[in-house]
2 protein chains.
Amino acid sequence: MPKDADPRECSVADTLDLVGERWSLLAIRELSYGVRRFDQIVRNTGASRDILASRLRKLEANGIVRRERYSDHPVRHEYYLTPAGLELCDVLLVLMRWGDRHLHPDDPPVRWQHSCGDTLSPMVICSHCGNEARMGAHSPTGRGTRTP
Amino acid sequence: MPKDADPRECSVADTLDLVGERWSLLAIRELSYGVRRFDQIVRNTGASRDILASRLRKLEANGIVRRERYSDHPVRHEYYLTPAGLELCDVLLVLMRWGDRHLHPDDPPVRWQHSCGDTLSPMVICSHCGNEARMGAHSPTGRGTRTP
DNA sequence: GGGGGTGAGTTGGAAAACGCAACGGAGGTG
DNA sequence: CACCTCCGTTGCGTTTTCCAACTCACCCCC
């Protein structure tokens, strides 16, 4: 950190400290697809094995992933998302939507079918009024705010 | 990439290729706060100057950030989000919400006031039916899908 | 029991990314 | 003129990342 820095207090930064590395979110993506085994996550993401091992540890330490032993001798685990991890899938949906719109406008690589029958098209709203969140998001207040 | 890897085609991964590095999203956060100057972004994020310079270049090359010259001699720029960049703020909102809930349950560092008058509390819904997206998101289809 | 296969890591060394201080240069201020 | 600001860029050392290879320990089949 440069010594003249004075980083804003911010939940975005704090969340990125936990899941901001390249392979963490992709590992969570695999878990959300129902993949449970280390080797499969390696294959489906392209992460190297050592990095993935350390990312899964970190995610576990932070309550995002849970390991469950399905064999002793040798010790083997399956990986699951905790409830907190499941909530992170919202982030994945929004990232996916952005990529679908801006990088694959004609042919999204994956479509999710929502329970309503339509193809899921995620959107971020204000849960109080139901309108789009980005429009009309104004005036931040709190410790993380700066004057100019 | 390990040679036995077979990464899933995925808009999440493709989006992370553009903005997945630690400081990219925080730079976008600053731009969304209205910060325009290089030094301010350095201060508010804690990024080192060289990394930030290269991230801003990359974001500009990918149409997420626009530079506007406000002085020749010396050449100086202000940074703005493009429309595509603005859409990425949805990602920030969802990350913020997760951090607020799980890391700062009692005192979120920043609150945004939404145009509806309430404090913004972002939520991801299916834009077709209006219900929460995560619940009932089922059965992915498309090139990025795998059988087991 | 031996050979081949799988699954989940760990290790070691090379390559890349990162972080920081220091520098530059063009201007503005006292 | 001396000093300060703003926006980067350069050099260099440190930290991560990456990948292949190795290790265990089991499984199946012959």
# chains A, B, ... in the order shown; residues from 1 in each chain; ligands from 1
$ closest_atom_pairs --of "chain D" --to "chain B" --cutoff "12 Å" --atoms "only C-alpha atoms (C1' of nucleotides)" --output "Markdown table"
| residue | atom | partner | partner_atom | distance |
| --- | --- | --- | --- | --- |
| D:DT5 | C1' | B:Asp39 | CA | 9.9 |
| D:DC6 | C1' | B:Asp39 | CA | 7.2 |
| D:DC7 | C1' | B:Phe38 | CA | 6.8 |
| D:DG8 | C1' | B:Ala53 | CA | 7.4 |
| D:DT9 | C1' | B:Asp50 | CA | 7.7 |
| D:DT10 | C1' | B:Asp50 | CA | 9.8 |
| D:DT17 | C1' | B:Met1 | CA | 10.9 |
| D:DC18 | C1' | B:Met1 | CA | 7.6 |
| D:DC19 | C1' | B:Pro2 | CA | 6.4 |
| D:DA20 | C1' | B:Pro2 | CA | 8.5 |
$ write_last_selection --atoms "C-alpha atoms (C1' of nucleotides)" --output "PDB file, in the first residue's frame"
ATOM      1  C1'  DT D   5       0.545  19.204  -7.125  1.00  0.00           C
ATOM      2  C1'  DC D   6      -0.803  16.116 -10.531  1.00  0.00           C
ATOM      3  C1'  DC D   7      -0.015  12.043 -13.548  1.00  0.00           C
ATOM      4  C1'  DG D   8       2.084   8.916 -14.685  1.00  0.00           C
ATOM      5  C1'  DT D   9       6.720   5.792 -15.792  1.00  0.00           C
ATOM      6  C1'  DT D  10      10.969   3.269 -14.470  1.00  0.00           C
ATOM      7  C1'  DT D  17       0.905 -17.826  -9.789  1.00  0.00           C
ATOM      8  C1'  DC D  18       1.629 -21.433 -12.729  1.00  0.00           C
ATOM      9  C1'  DC D  19       2.654 -26.016 -14.251  1.00  0.00           C
ATOM     10  C1'  DA D  20       4.512 -30.449 -14.297  1.00  0.00           C
TER      11       DA D  20
END
$ closest_atom_pairs --of "chain C" --to "chain B" --cutoff "9 Å" --atoms "only C-alpha atoms (C1' of nucleotides)" --output "JSON lines"
{"residue": "C:DC18", "atom": "C1'", "partner": "B:Ile51", "partner_atom": "CA", "distance": 7.7}
{"residue": "C:DG19", "atom": "C1'", "partner": "B:Ser48", "partner_atom": "CA", "distance": 6.5}
{"residue": "C:DC20", "atom": "C1'", "partner": "B:Ser48", "partner_atom": "CA", "distance": 7.5}
{"residue": "C:DG25", "atom": "C1'", "partner": "B:Pro74", "partner_atom": "CA", "distance": 8.0}
{"residue": "C:DA26", "atom": "C1'", "partner": "B:Pro74", "partner_atom": "CA", "distance": 5.3}
{"residue": "C:DG27", "atom": "C1'", "partner": "B:Pro74", "partner_atom": "CA", "distance": 7.5}
$ atom_distance --atom1 "atom C1' of DA21 of chain D" --atom2 "atom C1' of DA8 of chain C"
14.7 Å
$ closest_residue --among "B:Arg146, B:Arg111, B:Arg101, B:Lys58" --to "chain A" --atoms "only C-alpha atoms"
B:Arg111
$ residues_around --residues "Cys10 of chain A" --least-positions-apart "5" --cutoff "12 Å" --atoms "only C-alpha atoms (C1' of nucleotides)" --output "JSON, numbers by chain"
{"A": [15, 16, 17, 140, 141, 142, 143, 144, 145, 146], "B": [26, 29, 30, 44, 45, 92, 93, 95, 96, 97, 98, 99, 100, 103, 104, 107, 108, 109, 110, 111]}
$ select_by_dssp --residues "chain A" --states "strand (DSSP E or B)" --output "list in words"
Val65, Arg66, Arg67, Glu68, Arg69, Tyr70, Ser71, Arg76, His77, Glu78, Tyr79, Tyr80, Leu81, Arg111, Trp112, Gln113, His114, Thr119, Pro122, Met123, Val124, Ile125, Cys126, Glu132, Ala137, His138, Ser139, Pro140 and Thr141 of chain A
$ select_by_dssp --residues "segment 86-141 of chain A" --states "alpha helix (DSSP H)" --output "ChimeraX atom specification"
/A:86-102
$ atom_distance --atom1 "atom CA of Leu18 of chain B" --atom2 "atom CA of Arg66 of chain B"
14.9 Å
$ residues_around --residues "DT29 of chain C" --least-positions-apart "6" --cutoff "12 Å" --atoms "only C-alpha atoms (C1' of nucleotides)" --output "list in words"
DC1, DA2, DC3, DC4 and DT5 of chain D
$ closest_residue --among "A:Glu78, A:Asp118, A:Glu68, A:Glu60" --to "chain B" --atoms "only C-alpha atoms"
A:Asp118
$ residues_around --residues "segment 125-128 of chain A" --least-positions-apart "4" --cutoff "6 Å" --atoms "only C-alpha atoms (C1' of nucleotides)" --output "short mmCIF file (atom, residue, chain, number, x, y, z; two decimals) with N, CA and C atoms, in the first residue's frame"
data_model
loop_
_atom_site.label_atom_id
_atom_site.label_comp_id
_atom_site.auth_asym_id
_atom_site.auth_seq_id
_atom_site.Cartn_x
_atom_site.Cartn_y
_atom_site.Cartn_z
N GLU A 132 -35.42 -0.45 -10.69
CA GLU A 132 -34.02 -0.75 -10.95
C GLU A 132 -33.14 0.03 -9.96
N ALA A 133 -32.13 -0.65 -9.45
CA ALA A 133 -31.33 -0.03 -8.40
C ALA A 133 -30.40 1.04 -8.95
N LEU B 120 -31.04 2.18 -0.11
CA LEU B 120 -30.98 1.16 -1.17
C LEU B 120 -30.57 -0.18 -0.60
N SER B 121 -31.38 -1.19 -0.89
CA SER B 121 -31.03 -2.54 -0.49
C SER B 121 -31.18 -3.42 -1.73
N PRO B 122 -30.06 -3.64 -2.40
CA PRO B 122 -30.10 -4.28 -3.72
C PRO B 122 -30.53 -5.74 -3.63
N MET B 123 -31.19 -6.19 -4.65
CA MET B 123 -31.70 -7.55 -4.68
C MET B 123 -31.72 -7.98 -6.14
#
$ closest_residue --among "C:DG24, C:DG30, C:DG7, C:DG12" --to "DC24 of chain D" --atoms "only C-alpha atoms (C1' of nucleotides)"
C:DG7
$ residues_around --residues "DG11 of chain D" --least-positions-apart "3" --cutoff "12 Å" --atoms "only C-alpha atoms (C1' of nucleotides)" --output "list in words"
DC20, DA21, DA22 and DC23 of chain C
$ write_last_selection --atoms "N, CA and C atoms (P, O5', C5', C4', C3', O3' and C1' of nucleotides)" --output "PDB file, in the first residue's frame"
ATOM      1  P    DC C  20       2.394  -1.158  -1.436  1.00  0.00           P
ATOM      2  O5'  DC C  20       3.750  -0.348  -1.587  1.00  0.00           O
ATOM      3  C5'  DC C  20       4.961  -0.962  -1.160  1.00  0.00           C
ATOM      4  C4'  DC C  20       6.133  -0.158  -1.634  1.00  0.00           C
ATOM      5  C3'  DC C  20       5.921   1.351  -1.564  1.00  0.00           C
ATOM      6  O3'  DC C  20       6.934   1.939  -0.782  1.00  0.00           O
ATOM      7  C1'  DC C  20       6.784   0.708  -3.678  1.00  0.00           C
ATOM      8  P    DA C  21       6.696   3.391  -0.173  1.00  0.00           P
ATOM      9  O5'  DA C  21       8.119   4.052  -0.416  1.00  0.00           O
ATOM     10  C5'  DA C  21       9.269   3.211  -0.475  1.00  0.00           C
ATOM     11  C4'  DA C  21      10.206   3.685  -1.563  1.00  0.00           C
ATOM     12  C3'  DA C  21      10.374   5.208  -1.600  1.00  0.00           C
ATOM     13  O3'  DA C  21      11.748   5.517  -1.632  1.00  0.00           O
ATOM     14  C1'  DA C  21       9.800   4.383  -3.753  1.00  0.00           C
ATOM     15  P    DA C  22      12.238   7.027  -1.546  1.00  0.00           P
ATOM     16  O5'  DA C  22      12.782   7.327  -3.009  1.00  0.00           O
ATOM     17  C5'  DA C  22      13.444   6.307  -3.749  1.00  0.00           C
ATOM     18  C4'  DA C  22      13.550   6.729  -5.204  1.00  0.00           C
ATOM     19  C3'  DA C  22      13.713   8.238  -5.386  1.00  0.00           C
ATOM     20  O3'  DA C  22      14.686   8.482  -6.375  1.00  0.00           O
ATOM     21  C1'  DA C  22      11.877   7.475  -6.644  1.00  0.00           C
ATOM     22  P    DC C  23      15.279   9.942  -6.611  1.00  0.00           P
ATOM     23  O5'  DC C  23      14.854  10.254  -8.116  1.00  0.00           O
ATOM     24  C5'  DC C  23      15.149   9.296  -9.136  1.00  0.00           C
ATOM     25  C4'  DC C  23      14.265   9.557 -10.335  1.00  0.00           C
ATOM     26  C3'  DC C  23      14.273  11.013 -10.808  1.00  0.00           C
ATOM     27  O3'  DC C  23      14.772  11.071 -12.130  1.00  0.00           O
ATOM     28  C1'  DC C  23      12.059  10.125 -10.713  1.00  0.00           C
TER      29       DC C  23
END
$ closest_residue --among "B:Arg134, B:His102, B:Arg22, B:Arg8" --to "Arg55 of chain B" --atoms "only C-alpha atoms"
B:Arg22
